[in-house]
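Participant: Sharing target.csv, CSV, C-alpha atoms and all ligand atoms:
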```
chain,number,residue,atom,x,y,z
A,289,MET,CA,0.9,-13.2,-22.9
A,290,LYS,CA,-2.7,-12.2,-23.2
A,291,PRO,CA,-3.7,-10.3,-26.4
A,292,ILE,CA,-3.0,-6.6,-25.9
A,293,GLN,CA,-6.0,-4.3,-26.0
A,294,LEU,CA,-6.2,-0.5,-25.6
A,295,VAL,CA,-8.6,-1.2,-22.7
A,296,ASP,CA,-9.2,-4.7,-21.4
A,297,LEU,CA,-12.6,-4.6,-19.8
A,298,ARG,CA,-13.1,-8.3,-19.9
A,299,THR,CA,-10.1,-9.2,-17.7
A,300,GLN,CA,-11.2,-6.5,-15.3
A,301,TYR,CA,-14.8,-7.9,-15.3
A,302,LEU,CA,-13.6,-11.5,-14.6
A,303,ASP,CA,-11.8,-10.2,-11.5
A,304,ILE,CA,-15.1,-8.7,-10.1
A,305,LYS,CA,-17.5,-11.0,-11.8
A,306,GLN,CA,-19.0,-12.5,-8.6
A,307,ASP,CA,-19.8,-9.2,-7.1
A,308,VAL,CA,-21.1,-7.7,-10.3
A,309,ASP,CA,-23.3,-10.6,-11.3
A,310,LYS,CA,-24.9,-10.7,-7.9
A,311,ALA,CA,-25.5,-6.9,-7.8
A,312,ILE,CA,-27.1,-7.0,-11.2
A,313,LEU,CA,-29.3,-10.0,-10.3
A,314,ASP,CA,-30.3,-8.2,-7.2
A,315,VAL,CA,-31.5,-5.3,-9.3
A,316,LEU,CA,-33.4,-7.6,-11.6
A,317,ASP,CA,-35.0,-9.2,-8.6
A,318,SER,CA,-36.0,-5.8,-7.2
A,319,THR,CA,-37.4,-4.6,-10.6
A,320,SER,CA,-36.4,-1.2,-9.5
A,321,PHE,CA,-34.7,-0.2,-12.7
A,322,ILE,CA,-34.8,3.6,-12.8
A,323,GLY,CA,-33.8,5.5,-9.7
A,324,GLY,CA,-33.5,2.8,-7.0
A,325,GLU,CA,-31.2,2.4,-4.0
A,326,ASN,CA,-27.9,1.9,-5.9
A,327,VAL,CA,-28.3,5.3,-7.6
A,328,GLN,CA,-28.9,7.0,-4.3
A,329,ALA,CA,-26.1,5.1,-2.6
A,330,LEU,CA,-23.6,5.8,-5.5
A,331,SER,CA,-24.3,9.5,-5.1
A,332,LEU,CA,-23.5,9.4,-1.4
A,333,GLU,CA,-20.4,7.2,-1.9
A,334,LEU,CA,-19.0,9.4,-4.6
A,335,GLN,CA,-19.7,12.5,-2.5
A,336,ALA,CA,-17.6,11.0,0.3
A,337,TYR,CA,-14.9,9.7,-2.1
A,338,LEU,CA,-14.5,13.0,-3.9
A,339,GLY,CA,-15.2,15.3,-1.0
A,340,ILE,CA,-17.8,17.2,-3.0
A,341,ARG,CA,-21.2,18.2,-1.5
A,342,HIS,CA,-23.5,17.1,-4.3
A,343,VAL,CA,-23.2,14.3,-6.9
A,344,ILE,CA,-26.1,14.2,-9.4
A,345,PRO,CA,-26.1,11.1,-11.6
A,346,CYS,CA,-27.3,11.4,-15.2
A,347,ALA,CA,-27.4,9.5,-18.4
A,348,ASN,CA,-23.9,10.2,-19.8
A,349,GLY,CA,-21.0,12.7,-19.8
A,350,THR,CA,-22.4,14.7,-22.7
A,351,ASP,CA,-25.7,15.3,-20.9
A,352,ALA,CA,-23.8,16.2,-17.8
A,353,LEU,CA,-22.1,19.1,-19.7
A,354,GLN,CA,-25.3,20.2,-21.3
A,355,ILE,CA,-27.2,20.2,-18.0
A,356,ALA,CA,-24.3,22.2,-16.4
A,357,LEU,CA,-24.4,24.8,-19.1
A,358,MET,CA,-28.2,25.1,-18.7
A,359,ALA,CA,-27.9,25.4,-14.9
A,360,VAL,CA,-25.5,28.3,-15.0
A,361,GLY,CA,-28.0,30.3,-17.1
A,362,CYS,CA,-26.2,30.5,-20.4
A,363,LYS,CA,-28.3,32.3,-23.1
A,364,PRO,CA,-28.1,31.9,-26.8
A,365,GLY,CA,-25.2,34.0,-28.2
A,366,ASP,CA,-23.1,33.7,-25.0
A,367,GLU,CA,-19.5,32.8,-25.6
A,368,ILE,CA,-18.0,29.8,-23.9
A,369,LEU,CA,-14.2,29.4,-23.7
A,370,THR,CA,-13.1,25.8,-24.3
A,371,PRO,CA,-10.0,24.0,-25.6
A,372,SER,CA,-10.2,22.8,-29.2
A,373,PHE,CA,-8.0,19.9,-28.2
A,374,THR,CA,-10.7,17.8,-26.6
A,375,TYR,CA,-13.3,15.2,-27.3
A,376,ILE,CA,-16.0,16.8,-29.4
A,377,ALA,CA,-18.7,16.5,-26.7
A,378,THR,CA,-17.3,19.5,-24.9
A,379,CYS,CA,-17.9,21.8,-27.9
A,380,GLU,CA,-21.0,20.0,-29.1
A,381,VAL,CA,-23.2,20.8,-26.2
A,382,ILE,CA,-22.1,24.5,-26.3
A,383,ALA,CA,-23.2,24.7,-30.0
A,384,LEU,CA,-26.4,22.7,-29.4
A,385,LEU,CA,-27.6,25.2,-26.8
A,386,GLY,CA,-27.1,28.1,-29.3
A,387,LEU,CA,-24.0,29.3,-27.4
A,388,LYS,CA,-20.7,30.0,-29.2
A,389,PRO,CA,-17.7,27.8,-28.5
A,390,VAL,CA,-14.6,30.0,-28.5
A,391,PHE,CA,-11.6,27.7,-29.2
A,392,VAL,CA,-8.7,28.1,-26.9
A,393,GLU,CA,-5.1,26.8,-27.2
A,394,VAL,CA,-3.7,24.2,-24.8
A,395,ASP,CA,-0.4,24.1,-22.9
A,396,PRO,CA,1.9,22.0,-25.1
A,397,ASP,CA,3.3,20.1,-22.1
A,398,PHE,CA,0.1,19.3,-20.2
A,399,PHE,CA,-2.6,19.3,-23.0
A,400,THR,CA,-4.9,21.5,-20.8
A,401,ILE,CA,-6.3,25.0,-21.4
A,402,ASP,CA,-3.8,27.8,-22.0
A,403,ILE,CA,-4.9,30.6,-19.7
A,404,ASP,CA,-3.2,33.4,-21.5
A,405,ASP,CA,-4.9,32.5,-24.8
A,406,ALA,CA,-8.2,32.2,-22.9
A,407,ARG,CA,-7.7,35.7,-21.4
A,408,SER,CA,-7.0,37.2,-24.8
A,409,LYS,CA,-10.3,35.8,-26.1
A,410,ILE,CA,-12.6,37.2,-23.5
A,411,THR,CA,-15.3,39.6,-24.7
A,412,SER,CA,-18.3,41.2,-23.1
A,413,LYS,CA,-20.3,38.1,-24.2
A,414,THR,CA,-18.0,35.6,-22.5
A,415,LYS,CA,-20.1,33.8,-19.9
A,416,ALA,CA,-18.3,30.6,-18.9
A,417,ILE,CA,-15.0,28.6,-19.3
A,418,VAL,CA,-14.9,24.8,-19.6
A,419,PRO,CA,-11.5,23.5,-18.8
A,420,VAL,CA,-11.0,19.8,-19.7
A,421,HIS,CA,-8.8,17.7,-17.5
A,422,LEU,CA,-7.5,15.8,-20.5
A,423,TYR,CA,-6.0,12.3,-20.4
A,424,GLY,CA,-6.3,12.2,-16.5
A,425,GLN,CA,-4.5,15.3,-15.4
A,426,CYS,CA,-6.1,18.5,-14.1
A,427,ALA,CA,-5.9,21.8,-15.9
A,428,ASN,CA,-4.2,24.6,-13.8
A,429,MET,CA,-7.3,25.5,-11.8
A,430,ASP,CA,-5.7,28.3,-9.8
A,431,GLN,CA,-5.3,30.1,-13.1
A,432,VAL,CA,-8.8,29.2,-14.2
A,433,MET,CA,-10.4,30.3,-11.0
A,434,SER,CA,-8.6,33.6,-10.8
A,435,LEU,CA,-9.5,34.4,-14.4
A,436,SER,CA,-13.1,33.5,-13.7
A,437,LYS,CA,-13.2,35.8,-10.7
A,438,GLU,CA,-11.7,38.7,-12.6
A,439,PHE,CA,-14.2,38.4,-15.5
A,440,ASP,CA,-17.2,36.9,-13.6
A,441,LEU,CA,-17.2,33.6,-15.6
A,442,LYS,CA,-18.8,30.4,-14.6
A,443,VAL,CA,-16.5,27.4,-14.5
A,444,ILE,CA,-17.5,24.0,-15.6
A,445,GLU,CA,-14.8,21.3,-15.3
A,446,ASP,CA,-15.0,18.5,-17.8
A,447,THR,CA,-13.8,15.6,-15.6
A,448,ALA,CA,-14.7,12.8,-18.0
A,449,GLN,CA,-11.1,11.6,-18.2
A,450,ALA,CA,-9.9,12.5,-14.7
A,451,ILE,CA,-12.2,11.2,-12.0
A,452,GLY,CA,-10.1,10.6,-8.9
A,453,SER,CA,-7.3,13.0,-9.9
A,454,LYS,CA,-6.3,15.5,-7.2
A,455,HIS,CA,-5.5,19.2,-7.7
A,456,THR,CA,-3.2,21.0,-5.3
A,457,GLY,CA,-3.9,24.7,-5.4
A,458,GLU,CA,-4.3,27.8,-3.3
A,459,ASP,CA,-7.3,26.2,-1.5
A,460,GLY,CA,-5.4,23.0,-0.8
A,461,VAL,CA,-5.9,19.6,-2.3
A,462,LYS,CA,-9.2,19.0,-4.1
A,463,SER,CA,-10.7,16.4,-6.3
A,464,ALA,CA,-11.0,17.1,-10.0
A,465,GLY,CA,-14.5,18.3,-10.7
A,466,GLY,CA,-14.9,19.9,-7.2
A,467,ILE,CA,-13.1,23.2,-7.8
A,468,GLY,CA,-15.2,25.2,-10.3
A,469,ASP,CA,-18.9,25.9,-10.0
A,470,ILE,CA,-19.8,22.5,-11.6
A,471,GLY,CA,-17.9,19.4,-12.6
A,472,THR,CA,-19.1,16.8,-15.0
A,473,THR,CA,-18.0,13.3,-15.7
A,474,SER,CA,-18.8,10.2,-17.8
A,475,PHE,CA,-19.1,6.6,-16.8
A,476,PHE,CA,-18.7,5.3,-20.4
A,477,PRO,CA,-17.2,1.8,-20.1
A,478,SER,CA,-13.7,2.7,-21.1
A,479,LYS,CA,-13.4,5.7,-18.7
A,480,ASN,CA,-11.4,5.3,-15.5
A,481,LEU,CA,-14.7,4.7,-13.6
A,482,GLY,CA,-16.8,3.0,-16.2
A,483,CYS,CA,-20.2,1.2,-16.1
A,484,TYR,CA,-21.5,-1.4,-18.4
A,485,GLY,CA,-23.5,0.9,-20.6
A,486,ASP,CA,-23.8,4.7,-20.6
A,487,GLY,CA,-23.7,6.9,-17.5
A,488,GLY,CA,-22.6,10.2,-16.2
A,489,ALA,CA,-22.7,12.6,-13.2
A,490,ILE,CA,-22.6,16.2,-12.3
A,491,PHE,CA,-20.7,17.6,-9.3
A,492,THR,CA,-21.2,20.8,-7.3
A,493,ASN,CA,-20.5,22.2,-3.9
A,494,ASN,CA,-23.2,24.9,-4.4
A,495,ASP,CA,-26.5,24.0,-2.8
A,496,GLU,CA,-28.6,26.2,-5.1
A,497,LEU,CA,-26.9,24.9,-8.3
A,498,ALA,CA,-27.5,21.4,-7.0
A,499,VAL,CA,-31.3,22.0,-6.9
A,500,SER,CA,-31.3,23.5,-10.4
A,501,LEU,CA,-29.1,20.7,-11.8
A,502,LYS,CA,-31.5,18.0,-10.3
A,503,ARG,CA,-34.5,19.7,-11.7
A,504,ILE,CA,-33.1,20.3,-15.2
A,505,ALA,CA,-32.0,16.6,-15.4
A,506,ASN,CA,-35.6,15.6,-14.5
A,507,HIS,CA,-37.7,17.5,-17.1
A,508,GLY,CA,-37.4,20.8,-15.3
A,509,GLN,CA,-39.7,19.4,-12.7
A,510,THR,CA,-40.2,21.2,-9.3
A,511,LYS,CA,-42.8,18.8,-8.0
A,512,ARG,CA,-44.4,15.9,-9.8
A,513,TYR,CA,-46.0,17.1,-13.1
A,514,TYR,CA,-45.1,20.7,-12.4
A,515,HIS,CA,-42.4,22.0,-14.8
A,516,ASP,CA,-41.0,25.4,-13.9
A,517,TYR,CA,-38.2,25.2,-16.5
A,518,ILE,CA,-37.5,23.4,-19.7
A,519,GLY,CA,-35.4,20.4,-18.8
A,520,VAL,CA,-34.2,17.2,-20.2
A,521,ASN,CA,-34.6,13.5,-19.4
A,522,SER,CA,-31.3,12.3,-18.2
A,523,ARG,CA,-31.0,9.5,-15.6
A,524,LEU,CA,-28.6,6.8,-14.5
A,525,ASP,CA,-30.2,3.5,-14.2
A,526,ASN,CA,-30.0,1.2,-11.2
A,527,ILE,CA,-28.0,-1.6,-12.9
A,528,GLN,CA,-25.3,0.9,-14.0
A,529,ALA,CA,-25.2,2.4,-10.5
A,530,ALA,CA,-24.8,-1.1,-9.0
A,531,VAL,CA,-21.7,-1.8,-11.2
A,532,LEU,CA,-20.2,1.6,-10.5
A,533,ARG,CA,-20.5,1.1,-6.7
A,534,ILE,CA,-18.4,-2.1,-7.0
A,535,LYS,CA,-15.8,-0.4,-9.2
A,536,LEU,CA,-15.7,2.8,-7.1
A,537,LYS,CA,-14.3,0.6,-4.2
A,538,ARG,CA,-11.4,-0.3,-6.4
A,539,LEU,CA,-10.8,3.1,-8.1
A,540,ASN,CA,-7.7,3.8,-6.1
A,541,THR,CA,-6.2,0.5,-7.0
A,542,TYR,CA,-7.2,1.0,-10.6
A,543,ALA,CA,-5.5,4.4,-10.7
A,544,LYS,CA,-2.4,2.8,-9.1
A,545,ASN,CA,-2.3,0.1,-11.8
A,546,ARG,CA,-2.5,2.7,-14.5
A,547,GLN,CA,0.2,4.8,-12.9
A,548,GLU,CA,2.5,1.7,-12.7
A,549,ALA,CA,2.0,1.0,-16.4
A,550,ALA,CA,2.8,4.6,-17.1
A,551,ASN,CA,5.9,4.5,-15.0
A,552,PHE,CA,7.1,1.4,-16.9
A,553,TYR,CA,6.6,3.3,-20.2
A,554,ASN,CA,8.3,6.4,-18.9
A,555,ASP,CA,11.4,4.5,-17.7
A,556,ALA,CA,11.7,2.5,-20.9
A,557,PHE,CA,11.5,5.6,-23.1
A,558,ALA,CA,13.5,8.0,-20.9
A,559,SER,CA,16.6,8.1,-23.1
A,560,PHE,CA,14.9,8.4,-26.4
A,561,THR,CA,14.5,12.0,-27.7
A,562,GLN,CA,12.1,10.8,-30.3
A,563,ILE,CA,9.5,10.2,-27.6
A,564,GLU,CA,8.3,12.8,-25.2
A,565,THR,CA,6.6,11.0,-22.4
A,566,PRO,CA,3.7,12.7,-20.5
A,567,LYS,CA,4.8,15.5,-18.2
A,568,ILE,CA,3.4,15.6,-14.7
A,569,SER,CA,2.3,19.1,-13.7
A,570,PRO,CA,3.2,20.4,-10.2
A,571,TRP,CA,-0.5,21.0,-9.5
A,572,SER,CA,-2.1,17.7,-10.3
A,573,THR,CA,-1.9,14.0,-9.9
A,574,HIS,CA,-2.2,11.9,-13.1
A,575,VAL,CA,-4.7,9.1,-13.3
A,576,TYR,CA,-3.7,8.2,-16.9
A,577,HIS,CA,-7.0,7.8,-18.6
A,578,GLN,CA,-4.6,7.8,-21.6
A,579,TYR,CA,-0.9,7.4,-21.9
A,580,THR,CA,-0.2,9.9,-24.6
A,581,MET,CA,3.3,10.6,-26.0
A,582,LYS,CA,4.5,13.3,-28.3
A,583,LEU,CA,6.5,12.0,-31.2
A,584,ASN,CA,9.6,13.9,-32.5
A,585,ASP,CA,10.7,13.2,-36.1
A,586,ILE,CA,8.8,9.9,-36.2
A,587,ASP,CA,6.4,9.0,-38.9
A,588,ARG,CA,3.3,8.3,-36.9
A,589,ASN,CA,1.5,6.2,-39.5
A,590,GLN,CA,4.5,4.0,-40.0
A,591,LEU,CA,4.9,3.6,-36.2
A,592,GLN,CA,1.3,2.6,-35.8
A,593,GLU,CA,1.6,0.1,-38.6
A,594,TYR,CA,4.7,-1.4,-37.1
A,595,LEU,CA,3.0,-1.7,-33.7
A,596,SER,CA,-0.1,-3.1,-35.3
A,597,SER,CA,1.9,-5.8,-37.1
A,598,ALA,CA,3.3,-6.8,-33.6
A,599,ALA,CA,-0.4,-7.0,-32.4
A,600,ILE,CA,-0.1,-3.7,-30.4
A,601,PRO,CA,-3.0,-1.4,-30.8
A,602,SER,CA,-2.4,2.4,-30.5
A,603,ASN,CA,-4.7,5.4,-31.0
A,604,ILE,CA,-4.7,9.1,-31.7
A,605,TYR,CA,-6.8,11.2,-29.3
A,606,TYR,CA,-7.7,13.3,-31.2
A,607,PRO,CA,-6.7,13.3,-34.9
A,608,VAL,CA,-8.9,16.4,-35.8
A,609,PRO,CA,-9.2,19.1,-33.1
A,610,ALA,CA,-12.7,20.7,-32.7
A,611,HIS,CA,-11.8,23.9,-34.6
A,612,ARG,CA,-10.9,21.8,-37.7
A,613,GLN,CA,-14.1,19.8,-37.7
A,614,LYS,CA,-16.3,20.4,-40.7
A,615,GLY,CA,-19.4,20.8,-38.5
A,616,TYR,CA,-17.7,23.6,-36.4
A,617,GLN,CA,-16.4,25.9,-39.1
A,618,GLU,CA,-18.9,28.7,-38.4
A,619,PHE,CA,-17.2,29.1,-35.0
A,620,PHE,CA,-13.7,29.2,-36.3
A,621,ALA,CA,-14.1,31.1,-39.6
A,622,GLY,CA,-11.9,34.3,-39.5
A,623,LYS,CA,-10.3,33.4,-36.2
A,624,ALA,CA,-6.6,33.1,-35.4
A,625,GLU,CA,-4.9,29.8,-36.0
A,626,LEU,CA,-4.4,27.4,-33.1
A,627,SER,CA,-0.9,26.3,-34.0
A,628,ILE,CA,-0.1,24.4,-30.8
A,629,THR,CA,-3.3,22.4,-31.0
A,630,ASP,CA,-2.7,21.6,-34.7
A,631,ASP,CA,0.9,20.5,-33.9
A,632,LEU,CA,-0.2,18.3,-31.0
A,633,SER,CA,-2.9,16.7,-33.2
A,634,ALA,CA,-0.3,15.7,-35.7
A,635,ARG,CA,2.2,14.4,-33.1
A,636,VAL,CA,0.3,12.6,-30.3
A,637,LEU,CA,0.0,8.9,-30.0
A,638,SER,CA,-1.6,6.9,-27.1
A,639,LEU,CA,-0.4,3.4,-26.1
A,640,PRO,CA,-2.6,0.8,-24.4
A,641,ILE,CA,-3.2,1.6,-20.7
A,642,HIS,CA,-5.7,0.0,-18.4
A,643,THR,CA,-6.1,-1.6,-15.0
A,644,GLU,CA,-4.9,-5.1,-16.0
A,645,MET,CA,-1.7,-4.6,-17.9
A,646,GLU,CA,0.8,-7.4,-17.6
A,647,GLN,CA,4.6,-7.0,-17.4
A,648,ALA,CA,5.0,-9.2,-20.4
A,649,GLN,CA,2.7,-6.9,-22.4
A,650,LEU,CA,4.5,-3.8,-21.3
A,651,LYS,CA,7.8,-5.3,-22.2
A,652,HIS,CA,6.6,-6.3,-25.6
A,653,ILE,CA,5.1,-2.8,-26.3
A,654,THR,CA,8.2,-0.9,-25.2
A,655,SER,CA,10.7,-3.2,-26.9
A,656,THR,CA,8.7,-3.1,-30.2
A,657,LEU,CA,8.5,0.7,-30.1
A,658,ILE,CA,12.3,1.0,-29.3
A,659,GLU,CA,13.0,-1.5,-32.1
A,660,PHE,CA,11.1,0.8,-34.5
A,661,ILE,CA,13.1,3.9,-33.4
A,662,GLU,CA,16.5,2.1,-33.7
A,663,LYS,CA,15.8,0.6,-37.1
B,1,LIG,C1,-16.0,10.7,-22.8
B,1,LIG,C2,-16.0,12.2,-22.8
B,1,LIG,C3,-17.1,13.0,-22.8
B,1,LIG,C4,-18.5,12.5,-23.1
B,1,LIG,O1,-18.9,11.4,-22.2
B,1,LIG,P1,-20.1,10.5,-22.8
B,1,LIG,O2,-20.5,9.7,-21.5
B,1,LIG,O3,-19.5,9.6,-23.8
B,1,LIG,O4,-21.2,11.3,-23.3
B,1,LIG,C5,-17.0,14.4,-22.6
B,1,LIG,N1,-15.8,15.0,-22.5
B,1,LIG,C6,-14.7,14.3,-22.5
B,1,LIG,C7,-13.4,15.0,-22.4
B,1,LIG,C8,-14.7,12.9,-22.7
B,1,LIG,O5,-13.6,12.2,-22.7
```
Hey, can you dump this file as structure tokens for me?
Ligand SMILES: *Cc1c(COP(=O)(O)O)cnc(C)c1O
Facilitator:
Amino acid sequence: MKPIQLVDLRTQYLDIKQDVDKAILDVLDSTSFIGGENVQALSLELQAYLGIRHVIPCANGTDALQIALMAVGCKPGDEILTPSFTYIATCEVIALLGLKPVFVEVDPDFFTIDIDDARSKITSKTKAIVPVHLYGQCANMDQVMSLSKEFDLKVIEDTAQAIGSKHTGEDGVKSAGGIGDIGTTSFFPSKNLGCYGDGGAIFTNNDELAVSLKRIANHGQTKRYYHDYIGVNSRLDNIQAAVLRIKLKRLNTYAKNRQEAANFYNDAFASFTQIETPKISPWSTHVYHQYTMKLNDIDRNQLQEYLSSAAIPSNIYYPVPAHRQKGYQEFFAGKAELSITDDLSARVLSLPIHTEMEQAQLKHITSTLIEFIEK
């Protein structure tokens, strides 16, 4: 059995090494490092794959969120609804732009934004809502879109963990990131579609927004050396785009591999009340960026130590929710508790999941975990 890793990028690389090495050498040979044909081609291929009109590559998923918030015209002091139970980048860019993150609860089953709590926090200053498709499953976008219509909110989907996930809603089946005004994603190496460095992209079906997003990502430039807005410098490089094009061709297989690993875990743990396996929502497929369980009456530290002594890594996404982070207290001071979020942070645990899991590894992980429960 190969050593177990949370994400095994090396085995995946060895499988596509020939293609990747050639593609990277071709870029070196072209010396077209920034922009370049792979960046252009990746945009078109992603547009076709996702069924989204515009895909604008950028430097990382955090930039993608920032550029999205800038493009919808948020002004300092505007309030932005976002789950506290997310990776910090979502809240960070809101705060960086002088906007106010308003922390919203999540659904305890699906880990995505709780629409009733979001509704109760809307004020005259609320400008946008940023649902996060956490762990690989879409938030309930029918609810998000109807709330946004009712209160005239912009919708930015943080799709960093859910690229390729499909949402079935009132408007039919759509790709994660293609439902709201703007979708954003990350190509960080460990993401479901990851490059070999940093990368990200912004999605929209709105032609006008696409123009603004492109300009903002390129120094607010309208034509060369003319800057009608204050923008940022955020680009994907040609080498990363070359790697992503190769992996995009395999993204469906990669998702299937992750789903098979998740099914193995689900079956193994089905009869143990101490483990709540991830629930599948009726409105979304799950691409299992993470396999995250909720533990009942289990000491999480002890379990992690037990797994670790059997050479099984595990991780907590995320041990401290945004509203409890020291740097974010000014936005939480005096606000109502987020008891579901706090409870989840204390109980979730994620097991290794990636595109190259072996049966022997899965058996070792599940039997070790069950051994711990039955001790
Ligand atoms: C990874 C991630 C980001 C940030 O992406 P980077 O490319 O690392 O900047 C944002 N939001 C979520 C939910 C993420 O998981």
Participant: Could you please extract the residues within 8 Å of ligand LIG 1 (chain B), counting all atoms listed in the file, and hand them back as a compact mmCIF listing (two decimals) with C-alpha atoms, in the coordinates of the input?
Facilitator:
```txt
# COMPACT_ATOMS: atom_id res chain seq x y z
CA ALA A 347 -27.40 9.50 -18.40
CA ASN A 348 -23.90 10.20 -19.80
CA GLY A 349 -21.00 12.70 -19.80
CA THR A 350 -22.40 14.70 -22.70
CA ASP A 351 -25.70 15.30 -20.90
CA ALA A 352 -23.80 16.20 -17.80
CA LEU A 353 -22.10 19.10 -19.70
CA THR A 374 -10.70 17.80 -26.60
CA TYR A 375 -13.30 15.20 -27.30
CA ILE A 376 -16.00 16.80 -29.40
CA ALA A 377 -18.70 16.50 -26.70
CA THR A 378 -17.30 19.50 -24.90
CA VAL A 420 -11.00 19.80 -19.70
CA HIS A 421 -8.80 17.70 -17.50
CA LEU A 422 -7.50 15.80 -20.50
CA TYR A 423 -6.00 12.30 -20.40
CA ASP A 446 -15.00 18.50 -17.80
CA THR A 447 -13.80 15.60 -15.60
CA ALA A 448 -14.70 12.80 -18.00
CA GLN A 449 -11.10 11.60 -18.20
CA THR A 473 -18.00 13.30 -15.70
CA SER A 474 -18.80 10.20 -17.80
CA PHE A 475 -19.10 6.60 -16.80
CA PHE A 476 -18.70 5.30 -20.40
CA LYS A 479 -13.40 5.70 -18.70
CA ASP A 486 -23.80 4.70 -20.60
CA GLY A 487 -23.70 6.90 -17.50
CA GLY A 488 -22.60 10.20 -16.20
```
Participant: Separation of CA of Thr580 in chain A and CA of Lys454 in chain A, in Å?
Facilitator: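 These atoms are spaced 19.3 Å apart.
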Participant: Tell me which protein, DNA and RNA residues are within 8 Å of Thr643 in chain A, counting all atoms listed in the file, leaving out same-chain ones fewer than 3 positions away, and put them as a ChimeraX atom specification.
Facilitator: /A:296,300,542-543,545-546
Participant: Near Gln592 in chain A, counting all atoms listed in the file, which residues have an atom at most 10 Å away, once you skip same-chain residues fewer than 2 positions from it, shown as a PyMOL selection string?
Facilitator: chain A and resi 587-590+594-598+600-604+637+639+657
Participant: Tell me which of A:Ile568, A:Asp631, A:His577, A:Ala336 sits closest to Ser478 in chain A, counting all atoms listed in the file.
Facilitator: A:His577
Participant: From the set A:Gln509, A:Gln354, A:Ser320, A:Ser463, which residue has the shortest atom-to-atom contact distance to Gly386 in chain A, counting all atoms listed in the file?
Facilitator: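 Nearest candidate to Gly386 in chain A out of A:Gln509, A:Gln354, A:Ser320, A:Ser463: A:Gln354.
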Participant: Please report as CSV every residue of range 473-575 of chain A lying within 9 Å of range 325-332 of chain A, along with the nearest atom pair and their distance in Å (one decimal), using all atoms listed in the file.
Facilitator:
```
residue,atom,partner,partner_atom,distance
A:Ala489,CA,A:Ser331,CA,8.8
A:Leu524,CA,A:Val327,CA,7.1
A:Asp525,CA,A:Val327,CA,7.1
A:Asn526,CA,A:Val327,CA,5.7
A:Ile527,CA,A:Asn326,CA,7.8
A:Gln528,CA,A:Val327,CA,8.3
A:Ala529,CA,A:Val327,CA,5.1
A:Ala530,CA,A:Asn326,CA,5.3
A:Val531,CA,A:Asn326,CA,9.0
A:Leu532,CA,A:Leu330,CA,7.4
A:Arg533,CA,A:Leu330,CA,5.8
A:Leu536,CA,A:Leu330,CA,8.6
```
Participant: Given the selection you just returned, output its residues as a file containing C-alpha atoms, formatted as an mmCIF file, in the coordinates of the input.
Facilitator:
```
data_model
loop_
_atom_site.group_PDB
_atom_site.id
_atom_site.type_symbol
_atom_site.label_atom_id
_atom_site.label_comp_id
_atom_site.auth_asym_id
_atom_site.auth_seq_id
_atom_site.Cartn_x
_atom_site.Cartn_y
_atom_site.Cartn_z
ATOM 1 C CA ALA A 489 -22.700 12.600 -13.200
ATOM 2 C CA LEU A 524 -28.600 6.800 -14.500
ATOM 3 C CA ASP A 525 -30.200 3.500 -14.200
ATOM 4 C CA ASN A 526 -30.000 1.200 -11.200
ATOM 5 C CA ILE A 527 -28.000 -1.600 -12.900
ATOM 6 C CA GLN A 528 -25.300 0.900 -14.000
ATOM 7 C CA ALA A 529 -25.200 2.400 -10.500
ATOM 8 C CA ALA A 530 -24.800 -1.100 -9.000
ATOM 9 C CA VAL A 531 -21.700 -1.800 -11.200
ATOM 10 C CA LEU A 532 -20.200 1.600 -10.500
ATOM 11 C CA ARG A 533 -20.500 1.100 -6.700
ATOM 12 C CA LEU A 536 -15.700 2.800 -7.100
#
```
Participant: State, in Å with one decimal place, the distance from CA of Gln578 in chain A to CA of Phe398 in chain A.
Facilitator: 12.5 Å
Participant: For the atom pair CA of Glu564 in chain A and CA of Pro477 in chain A, what is the interatomic distance in Å to one decimal place?
Facilitator: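 So the two atoms, CA of Glu564 in chain A and CA of Pro477 in chain A, lie 28.2 Å apart.
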Participant: Could you check which residues have any atom within 12 Å of (-25.4, 18.8, -4.5), counting only C-alpha atoms with coordinates taken straight from the file, and then list them as a ChimeraX atom specification?
Facilitator: /A:331-332,334-335,339-345,466,469-471,489-503
Participant: My list of candidates is A:Ser655, A:Pro291, A:Asn551, A:Gln617. Which is closest to Lys388 in chain A when distances are computed with all atoms listed in the file?
Facilitator: A:Gln617
Participant: Can you pull out every residue within 12 Å of Phe560 in chain A, counting all atoms listed in the file, but drop anything in the same chain fewer than 5 positions away, and send it as an NGL selection string?
Facilitator: :A and (553-555 or 565 or 581-586 or 654 or 657-662)
Participant: Skip Val295 in chain A itself and residues of its chain fewer than 6 positions away, then list as JSON, numbers by chain all residues within 7 Å of it, counting all atoms listed in the file.
Facilitator: {"A": [478, 640, 641, 642]}
Participant: Which residue out of A:Ser453, A:Thr629, A:Thr510, A:Ser436 has the minimum interatomic distance to Ala416 in chain A when all atoms listed in the file are used?
Facilitator: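 Ranked by minimum distance to Ala416 in chain A, first place goes to A:Ser436.
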Participant: List the neighbours of Cys426 in chain A out to 7 Å using only C-alpha atoms; skip same-chain residues closer than 4 positions along the sequence, and give me the result as an MDAnalysis selection string.
Facilitator: chainID A and resid 421 455 464 572
